[in-house]
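K.L.:
Would you mind keeping the following structure in view while I ask a few things?
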Amino acid sequence: MNDRHTLSVLVENKPGVLTRIAGMFARRGYNIHSLAVGPTEDARVSRLTLVVGTEAVQLEQIIKQLNKLVNVLKIVELEQDQAIEREMQLVKVNADPVTRSQIIEIAEVFRAKIVDVDHDSITVEVAGNPSKLEAMQQLLAPYGIRELVRSGTIALSRGTRSISDGSKLRMRQVS
Amino acid sequence: MEITGAQAVMKSLEALGVDTVFGYPGGAILPAYDPMIEAGFEHVLVRHEQGAIHMAEGYAHATNRVGVCIVTSGPAATNLVTGLTDAMMDSVPVLAITGQVASTAIGSDAFQEADVTGITMPITKHNELVRAVERIPEAIKEAHHVARTGRPGPVLVDIPKDILNQTFEWSWSEDVDLPGYKPTVRGHGKMVREALELIATATQPVIYAGGGLVRARAGVELERFASRLGLPVVTTLMARGVLPDTHELAVGMPGMHGHYAAVRALQETDLLVTLGARFDDRVTGKLDAFAPNARVIHVDVDPAEIGKNREVDVPIVGDVKVVLQQLLQVLEDKEHKGQLEQLIPDAAAWRTHLKDLKADHPLLVEQPETGVLKPQTAIKAVYDTWGDDAVYVAGVGQHQMWVSQYIPWTRAGQWINSGGLGTMGFAVPAAIGAKAGVGRDTPVVAIDGDGCFQMTFQEIAAAVQHDIPVVFVVINNGYLGMVRQWQSLFYEDRLSQVALPQDLPDLLKLADAYGIPGFRVDRVEDLHTTLEKAHAITDQPVLVECRVHPDEMVFPMVPAGASNDELIETAEEWYARLADAQA
């Protein structure tokens with residue numbers, strides 16, 4: 001059975017790190033559902049959020065293989081009930097004077113924003129967990145989706161604790 | 001003091017205590033070859049960059065120090081790919097330094113440009129493209145550190161030409177600070193105790209000893225541990241010699257061409273004490289039929305090996321030498337308390353059983369007393385001639401398996417071969433590298449096949465030019481023997497592209513062309529006198545061609561993908577089985 005697992009990975013902000021990770025997944029035949037990467041509060045560190053679909057045994061291998069990469073600093077699996085997960089989606093939907101108000105109504109239900117309107121289309125921005133995004137997509141589909149883009153999931157654990165607590169990186173903090 | 005990046009490369013290698021580098025100059029690395037004239041280490045000029053990396057590997061295998069090679073950009077760097085992969089598979093500590101086109105030209109498809117860090121990412125433990133001259137000493141020091149610590153492996157440092165030419169203020173510190181790289185050395189105390197408790201309950205335990213023990217040079221600890229608890233030991237292809245084959249607990253080599261008793265030991269055992277081994281498919285055969293009744297203790301410095309192929313009952317992450325010391329410490333403490341007996345498994349019947357299997361299933365060669373020479377006989381005679389003090393290096397194929405099977409190994413580092421990748425052409429350069437490492441007093445004998453030999457024999461020139469007196473023994477059967485064996489056994493003897501005429505090239509003329517003594521023997525009665533002549537020559541490389549009967553096959557054998565329970569001991573047995581299946 002393939003379960004969805006969210007991994008938060010702190011890496012050194014160095015050239016080629018993303019290639020190392022993507023390459024490792026490709027050559028070992030692991031599957032990435034989504035990947036989001038960006039800077040953190042520390043300029044030397046980037047944070048990746050990886051969503052993988054895999055069984056438990058393989059997840060353990062993935063984490064171990066990631067850990068072997070010299071530029072990888074820390075890996076935490078974020079359990080779904082103990083983490084806040086968010087993803088952003090932009091959807092460009094066909095719209096005419098009749099359907100436009102219906103689409104705006106749907107957007108309101110999902111607390112989505114209308115970010116662009118043209119004669120024949122309307123673009124909706126929505127953020128939330130992946131299932132919310134999928135639900136809205138389903139409701140918009142009958143109008144005709146012209147284009148859709150998703151950012152990939154980002155996630156943080158709930159509560160005060162931080163992934164970089166006790167991080168190996170603290171030791172080399174520049175004074 | 002302001003120095004150039006190129007000078008910094010030399011000074012860094014000197015500071016790390018490097019005494020020999022193997023390399024080949026060219027455009028992008030040219031700046032490094034100028035200060036090399038004054039550098040405090042030897043440079044061996046190879047004839048192909050693949051030779052440089054295999055020499056670095058051979059050096060590392062033999063000395064347990066990091067092997068270093070230096071080559072230029074583009075085609076030179078891509079010629080390292082096979083050796084880097086080989087070093088990755090067999091956990092060989094190697095540092096490769098490659099020149100790169102000027103940093104301003106990177107990405108422009110410049111002359112001799114290749115994305116070398118990109119190409120070598122999956123086949124190195126780590127690599128780095130140096131982007132600033134100040135980074136050179138750190139990059140080389142870190143690469144050297146990563147190569148030799150934890151699970152050893154190859155590390156590559158790619159340095160653009162303009163950065164080699166820039167100057168900076170030299171400084172050097174011994175410290176290495178890699179926040180994402182902290183290998184675990186000591187095993188978890190609780191797991192160490194659990195392992196001993198599990199061993200105590202076993203009645204058919206066996207130590208599955210792998211190449212990690214050789215890398216850790218943990219032979220002494222292994223012997224003490226096995227003897228203390230009375231645990232029989234199988235040594236994999238990569239671990240041959242880590243426990244002497246003459247030891248009463250030594251069962252032999254497991255795997256596809258393993259000794260009968262060792263293969264059976266793993267199939268029948270109730271507890272695998274796995275030390276620095278990785279459940280490779282050539283050992284396990286069909287994985288779900290491997291050691292079906294065994295619980296598993298797995299000690300490895302690489303956490304990713306634990307649980308990768310086989311579920312584990314007691315995992316221990318740590319340097320296998322240190323973990324063995326921890327295990328021995330617990331045994332000693334128990335002994336002081338008079339409780340050692342509680343930890344010794346009741347395995348006397350099992351040990352007797354394995355001894356009987358060993359005695360009842362010796363390796364079989366039918367060698368007539370005169371005339372045709374069998375390859376196994378030739379290999380045994382090579383060992384009888386050069387003895388226990390020599391280091392033996394093999395290529396890949398039938399000769400490799402026979403060397404591994406027939407030589408009674410006595411120590412770690414005595415046996416060098418390409419196990420994981422199976423790199424044909426490994427022996428000639430690896431033997432030269434090994435000899436450069438071990439020095440004058442230890443003979444190094446490459447035992448190669450005629451197919452392998454022809455892939456890399458050009459490196460004999462490097463051995464001659466740099467006065468590295470290696471003995472090259474070619475077991476010439478006129479075939480790609482192992483491929484032929486598979487075609488004979490599994491493709492109804494339909495031989496396809498496996499003939500290599502024994503006279504092509506004439507190896508005596510080849511030896512002559514390189515200016516080294518050459519000998520040929522094809523009759524068993526001439527074997528010892530010929531080998532003795534070669535043995536008498538110690539001050540220059542020497543070539544011995546053993547022309548052997550082409551029909552010999554390597555047995556025992558587990559057919560690829562079959563369960564280890566289907567071990568075949570002779571060709572007749574296989575053909576009888578085929579006939580049965582057809583009937």
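Lettering and numbering for the structure tokens are positional, with chains as A, B, ... in the shown order, residues counted from 1 in each chain, and ligands counted from 1 in the shown order.
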Using only C-alpha atoms, tabulate the residues of chain B lying at most 8 Å from any atom of chain A, each with its closest atom pair and that distance in Å to one decimal, by chain and increasing residue number, as JSON lines.

P.N.:
```
{"residue": "B:Met121", "atom": "CA", "partner": "A:Arg20", "partner_atom": "CA", "distance": 6.7}
{"residue": "B:Pro122", "atom": "CA", "partner": "A:Met24", "partner_atom": "CA", "distance": 7.1}
{"residue": "B:Lys125", "atom": "CA", "partner": "A:Leu69", "partner_atom": "CA", "distance": 7.8}
{"residue": "B:His126", "atom": "CA", "partner": "A:Val70", "partner_atom": "CA", "distance": 6.7}
{"residue": "B:Asp177", "atom": "CA", "partner": "A:Arg172", "partner_atom": "CA", "distance": 7.9}
{"residue": "B:Leu178", "atom": "CA", "partner": "A:Val70", "partner_atom": "CA", "distance": 7.6}
{"residue": "B:Pro179", "atom": "CA", "partner": "A:Lys168", "partner_atom": "CA", "distance": 5.6}
{"residue": "B:Gly180", "atom": "CA", "partner": "A:Leu73", "partner_atom": "CA", "distance": 4.4}
{"residue": "B:Tyr181", "atom": "CA", "partner": "A:Val70", "partner_atom": "CA", "distance": 5.3}
{"residue": "B:Pro303", "atom": "CA", "partner": "A:Lys64", "partner_atom": "CA", "distance": 6.6}
{"residue": "B:Ala304", "atom": "CA", "partner": "A:Lys64", "partner_atom": "CA", "distance": 5.1}
{"residue": "B:Lys308", "atom": "CA", "partner": "A:Gln61", "partner_atom": "CA", "distance": 6.7}
```

K.L.:
With a distance cut-off of 10 Å and only C-alpha atoms, select the neighbouring residues of Ala36 (chain A), excluding the residue or stretch itself and same-chain residues fewer than 6 positions from it, and output the selection as a list of chain:residue names.

P.N.:
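Counting only the stated atoms, we get A:Ser8, A:Arg47, A:Leu48, A:Thr49, A:Leu50, A:Val51, A:Glu87, A:Ser151, A:Gly152, A:Thr153, A:Ile154, A:Ala155.
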
K.L.:
Keeping C-alpha atoms, export the residues of the selection given above as a PDB file, in the first residue's frame.

P.N.:
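Writing done, so here's out_26.pdb:
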```pdb
ATOM      1  CA  SER A   8      10.751  18.383   5.517  1.00  0.00           C
ATOM      2  CA  ARG A  47      14.105  23.921   3.067  1.00  0.00           C
ATOM      3  CA  LEU A  48      12.534  21.332   0.840  1.00  0.00           C
ATOM      4  CA  THR A  49       9.105  19.899   1.350  1.00  0.00           C
ATOM      5  CA  LEU A  50       8.838  16.551  -0.372  1.00  0.00           C
ATOM      6  CA  VAL A  51       5.633  14.602  -0.666  1.00  0.00           C
ATOM      7  CA  GLU A  87      -0.497  24.432  -1.155  1.00  0.00           C
ATOM      8  CA  SER A 151       2.860  25.135  -6.023  1.00  0.00           C
ATOM      9  CA  GLY A 152       3.544  21.842  -4.337  1.00  0.00           C
ATOM     10  CA  THR A 153       2.889  21.309  -0.671  1.00  0.00           C
ATOM     11  CA  ILE A 154       4.725  23.210   2.021  1.00  0.00           C
ATOM     12  CA  ALA A 155       4.367  22.211   5.647  1.00  0.00           C
TER      13      ALA A 155
END
```

K.L.:
For each of B:Ala60, B:Ala216, B:Val554, B:Ala348, take the minimum atom-to-atom distance to Asp300 (chain B), counting only C-alpha atoms, then give the residue where this is smallest.

P.N.:
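Distance minimum relative to Asp300 (chain B) lands on B:Ala216.
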
K.L.:
Would you mind listing what lies within 8 Å of region 141-143 of chain A as a VMD selection string, with only C-alpha atoms counted and same-chain residues fewer than 6 positions away left out?

P.N.:
chain A and resid 93 to 95 99

K.L.:
Can you list, as a ChimeraX atom specification, every protein, DNA or RNA residue that comes within 9 Å of Val176 (chain B) when you count only C-alpha atoms, leaving out same-chain residues fewer than 2 positions away?

P.N.:
/B:138,141-142,145,173-174,178

K.L.:
Could you go through region 89-287 of chain B and tell me which residues DSSP, when run on the backbone, assigns to strand (DSSP E), listing them as a PyMOL selection string?

P.N.:
chain B and resi 94-100+126-129+154-160+167-169+205-209+233-235+250-252+271-275

K.L.:
For the residues in that selection, give me C-alpha atoms as a compact mmCIF listing (two decimals), in the first residue's frame.

P.N.:
```txt
# COMPACT_ATOMS: atom_id res chain seq x y z
CA VAL B 94 39.56 7.46 -3.65
CA LEU B 95 40.10 11.16 -4.25
CA ALA B 96 39.81 12.26 -7.88
CA ILE B 97 40.88 15.76 -8.88
CA THR B 98 39.75 16.91 -12.30
CA GLY B 99 40.53 20.05 -14.22
CA GLN B 100 37.57 21.99 -15.56
CA HIS B 126 30.33 13.32 -2.77
CA ASN B 127 31.68 15.80 -5.29
CA GLU B 128 32.26 19.50 -5.64
CA LEU B 129 32.88 22.05 -8.34
CA PRO B 154 35.19 7.99 -4.10
CA VAL B 155 35.04 11.78 -3.88
CA LEU B 156 35.70 14.08 -6.81
CA VAL B 157 36.88 17.71 -6.78
CA ASP B 158 36.48 19.59 -10.07
CA ILE B 159 38.60 22.76 -10.37
CA PRO B 160 38.28 25.28 -13.22
CA THR B 167 46.31 33.59 -6.20
CA PHE B 168 45.22 33.79 -2.57
CA GLU B 169 46.61 33.83 0.95
CA PRO B 205 24.73 -19.29 14.10
CA VAL B 206 27.10 -18.08 11.40
CA ILE B 207 29.05 -14.89 10.89
CA TYR B 208 28.41 -13.48 7.43
CA ALA B 209 31.63 -11.48 7.05
CA VAL B 233 32.51 -17.64 9.63
CA VAL B 234 31.83 -17.32 5.91
CA THR B 235 33.86 -14.67 4.10
CA ALA B 250 36.46 -20.63 8.52
CA VAL B 251 33.80 -22.20 6.32
CA GLY B 252 34.75 -20.56 3.02
CA LEU B 271 21.12 -16.67 12.98
CA LEU B 272 23.08 -14.50 10.56
CA VAL B 273 25.60 -12.34 12.33
CA THR B 274 26.14 -9.94 9.46
CA LEU B 275 29.28 -7.83 9.74
```

K.L.:
Mind pulling up the distance from CA of Tyr479 (chain B) to CA of Glu532 (chain B)?

P.N.:
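Atom-to-atom, CA of Glu532 (chain B) and CA of Tyr479 (chain B) are spaced 26.5 Å apart.
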
K.L.:
Figure out the distance between CA of Val214 (chain B) and CA of Met55 (chain B), please, to one decimal in Å.

P.N.:
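Computed distance, CA of Met55 (chain B) to CA of Val214 (chain B), equals 18.5 Å.
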
K.L.:
Run DSSP on the backbone and grab whatever in region 13-94 of chain A lands in helix (DSSP H, G or I); send it over as an NGL selection string.

P.N.:
:A and (17-27 or 56-68 or 80-82)

K.L.:
So how many Å separate CA of Glu14 (chain B) and CA of Ala39 (chain B), to one decimal?

P.N.:
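Pair CA of Glu14 (chain B) / CA of Ala39 (chain B) returns 7.7 Å.
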
K.L.:
Calculated over only C-alpha atoms, which of the candidates A:Asn129, A:Gln102, A:Asn13, A:Gln137 has the smallest distance to Ser46 (chain A)?

P.N.:
A:Asn13

K.L.:
Can you pull out every residue within 12 Å of Asp503 (chain B), counting only C-alpha atoms, but drop anything in the same chain fewer than 2 positions away, and send it as a list in words?

P.N.:
Asp450, Asn476, Asn477, Gly478, Tyr479, Ala499, Leu500, Pro501, Pro505, Asp506, Leu507, Leu508, Lys509, Leu510, Arg520, Glu545 and Arg547 of chain B

K.L.:
Using only C-alpha atoms, which of the listed residues (A:Ala127, A:Lys132, A:Ser162, A:Lys92) sits closest to Ile145 (chain A)?

P.N.:
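Looking at the shortest contact to Ile145 (chain A), the residue is A:Lys92.
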
K.L.:
Name the residues in contact with region 279-281 of chain B at a cut-off of 10 Å, using only C-alpha atoms, excluding same-chain residues fewer than 2 positions from it; report them as a ChimeraX atom specification.

P.N.:
/B:208,210,236,255-256,274,276-277,283-287,290,305-310,420,560-561

K.L.:
Kindly export the residues of the current selection with N, CA and C atoms, as a PDB file, in the first residue's frame.

P.N.:
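Result saved to part16.pdb:
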```
ATOM      1  N   TYR B 208      28.393 -13.802   8.864  1.00  0.00           N
ATOM      2  CA  TYR B 208      28.411 -13.483   7.433  1.00  0.00           C
ATOM      3  C   TYR B 208      29.311 -12.250   7.316  1.00  0.00           C
ATOM      4  N   GLY B 210      31.655  -9.518   5.611  1.00  0.00           N
ATOM      5  CA  GLY B 210      31.727  -8.811   4.338  1.00  0.00           C
ATOM      6  C   GLY B 210      32.917  -7.874   4.240  1.00  0.00           C
ATOM      7  N   THR B 236      32.788 -13.317   2.380  1.00  0.00           N
ATOM      8  CA  THR B 236      32.335 -13.027   1.018  1.00  0.00           C
ATOM      9  C   THR B 236      33.533 -12.727   0.120  1.00  0.00           C
ATOM     10  N   GLY B 255      27.935 -17.680  -1.830  1.00  0.00           N
ATOM     11  CA  GLY B 255      27.527 -16.975  -3.036  1.00  0.00           C
ATOM     12  C   GLY B 255      27.488 -17.829  -4.285  1.00  0.00           C
ATOM     13  N   MET B 256      27.293 -17.148  -5.396  1.00  0.00           N
ATOM     14  CA  MET B 256      27.065 -17.794  -6.689  1.00  0.00           C
ATOM     15  C   MET B 256      28.139 -18.832  -7.019  1.00  0.00           C
ATOM     16  N   THR B 274      25.677 -10.590  10.680  1.00  0.00           N
ATOM     17  CA  THR B 274      26.143  -9.941   9.457  1.00  0.00           C
ATOM     18  C   THR B 274      27.060  -8.781   9.812  1.00  0.00           C
ATOM     19  N   GLY B 276      29.448  -5.946   8.206  1.00  0.00           N
ATOM     20  CA  GLY B 276      29.992  -5.223   7.061  1.00  0.00           C
ATOM     21  C   GLY B 276      29.707  -5.887   5.735  1.00  0.00           C
ATOM     22  N   ALA B 277      28.567  -6.541   5.637  1.00  0.00           N
ATOM     23  CA  ALA B 277      28.147  -7.163   4.374  1.00  0.00           C
ATOM     24  C   ALA B 277      26.812  -6.559   3.977  1.00  0.00           C
ATOM     25  N   VAL B 283      25.490 -12.992  -3.414  1.00  0.00           N
ATOM     26  CA  VAL B 283      25.575 -13.816  -2.202  1.00  0.00           C
ATOM     27  C   VAL B 283      24.234 -14.467  -1.900  1.00  0.00           C
ATOM     28  N   THR B 284      23.154 -13.706  -2.027  1.00  0.00           N
ATOM     29  CA  THR B 284      21.857 -14.209  -1.558  1.00  0.00           C
ATOM     30  C   THR B 284      21.197 -15.140  -2.568  1.00  0.00           C
ATOM     31  N   GLY B 285      21.553 -15.018  -3.870  1.00  0.00           N
ATOM     32  CA  GLY B 285      20.731 -15.697  -4.862  1.00  0.00           C
ATOM     33  C   GLY B 285      19.322 -15.133  -4.773  1.00  0.00           C
ATOM     34  N   LYS B 286      18.335 -15.950  -5.060  1.00  0.00           N
ATOM     35  CA  LYS B 286      16.946 -15.500  -4.966  1.00  0.00           C
ATOM     36  C   LYS B 286      16.689 -15.041  -3.532  1.00  0.00           C
ATOM     37  N   LEU B 287      16.391 -13.742  -3.390  1.00  0.00           N
ATOM     38  CA  LEU B 287      16.422 -13.133  -2.058  1.00  0.00           C
ATOM     39  C   LEU B 287      15.428 -13.776  -1.091  1.00  0.00           C
ATOM     40  N   PHE B 290      16.636 -16.941   0.509  1.00  0.00           N
ATOM     41  CA  PHE B 290      17.953 -16.878   1.152  1.00  0.00           C
ATOM     42  C   PHE B 290      17.815 -17.028   2.669  1.00  0.00           C
ATOM     43  N   GLU B 305      22.258   0.494   4.470  1.00  0.00           N
ATOM     44  CA  GLU B 305      22.384  -0.925   4.134  1.00  0.00           C
ATOM     45  C   GLU B 305      21.524  -1.792   5.038  1.00  0.00           C
ATOM     46  N   ILE B 306      21.228  -1.272   6.218  1.00  0.00           N
ATOM     47  CA  ILE B 306      20.493  -2.078   7.193  1.00  0.00           C
ATOM     48  C   ILE B 306      19.009  -2.054   6.854  1.00  0.00           C
ATOM     49  N   GLY B 307      18.479  -3.223   6.569  1.00  0.00           N
ATOM     50  CA  GLY B 307      17.076  -3.320   6.185  1.00  0.00           C
ATOM     51  C   GLY B 307      16.833  -3.066   4.708  1.00  0.00           C
ATOM     52  N   LYS B 308      17.883  -2.815   3.918  1.00  0.00           N
ATOM     53  CA  LYS B 308      17.690  -2.516   2.492  1.00  0.00           C
ATOM     54  C   LYS B 308      17.187  -3.745   1.742  1.00  0.00           C
ATOM     55  N   ASN B 309      17.881  -4.876   1.913  1.00  0.00           N
ATOM     56  CA  ASN B 309      17.503  -6.091   1.191  1.00  0.00           C
ATOM     57  C   ASN B 309      16.870  -7.144   2.089  1.00  0.00           C
ATOM     58  N   ARG B 310      17.225  -7.124   3.373  1.00  0.00           N
ATOM     59  CA  ARG B 310      16.744  -8.170   4.266  1.00  0.00           C
ATOM     60  C   ARG B 310      16.322  -7.531   5.581  1.00  0.00           C
ATOM     61  N   GLY B 420      31.684  -5.551  -6.682  1.00  0.00           N
ATOM     62  CA  GLY B 420      30.336  -5.044  -6.924  1.00  0.00           C
ATOM     63  C   GLY B 420      30.087  -4.706  -8.382  1.00  0.00           C
ATOM     64  N   ALA B 560      21.931 -17.829 -12.022  1.00  0.00           N
ATOM     65  CA  ALA B 560      21.432 -16.487 -11.713  1.00  0.00           C
ATOM     66  C   ALA B 560      19.937 -16.523 -11.434  1.00  0.00           C
ATOM     67  N   GLY B 561      19.530 -15.896 -10.344  1.00  0.00           N
ATOM     68  CA  GLY B 561      18.115 -15.800 -10.012  1.00  0.00           C
ATOM     69  C   GLY B 561      17.560 -17.014  -9.299  1.00  0.00           C
TER      70      GLY B 561
END
```
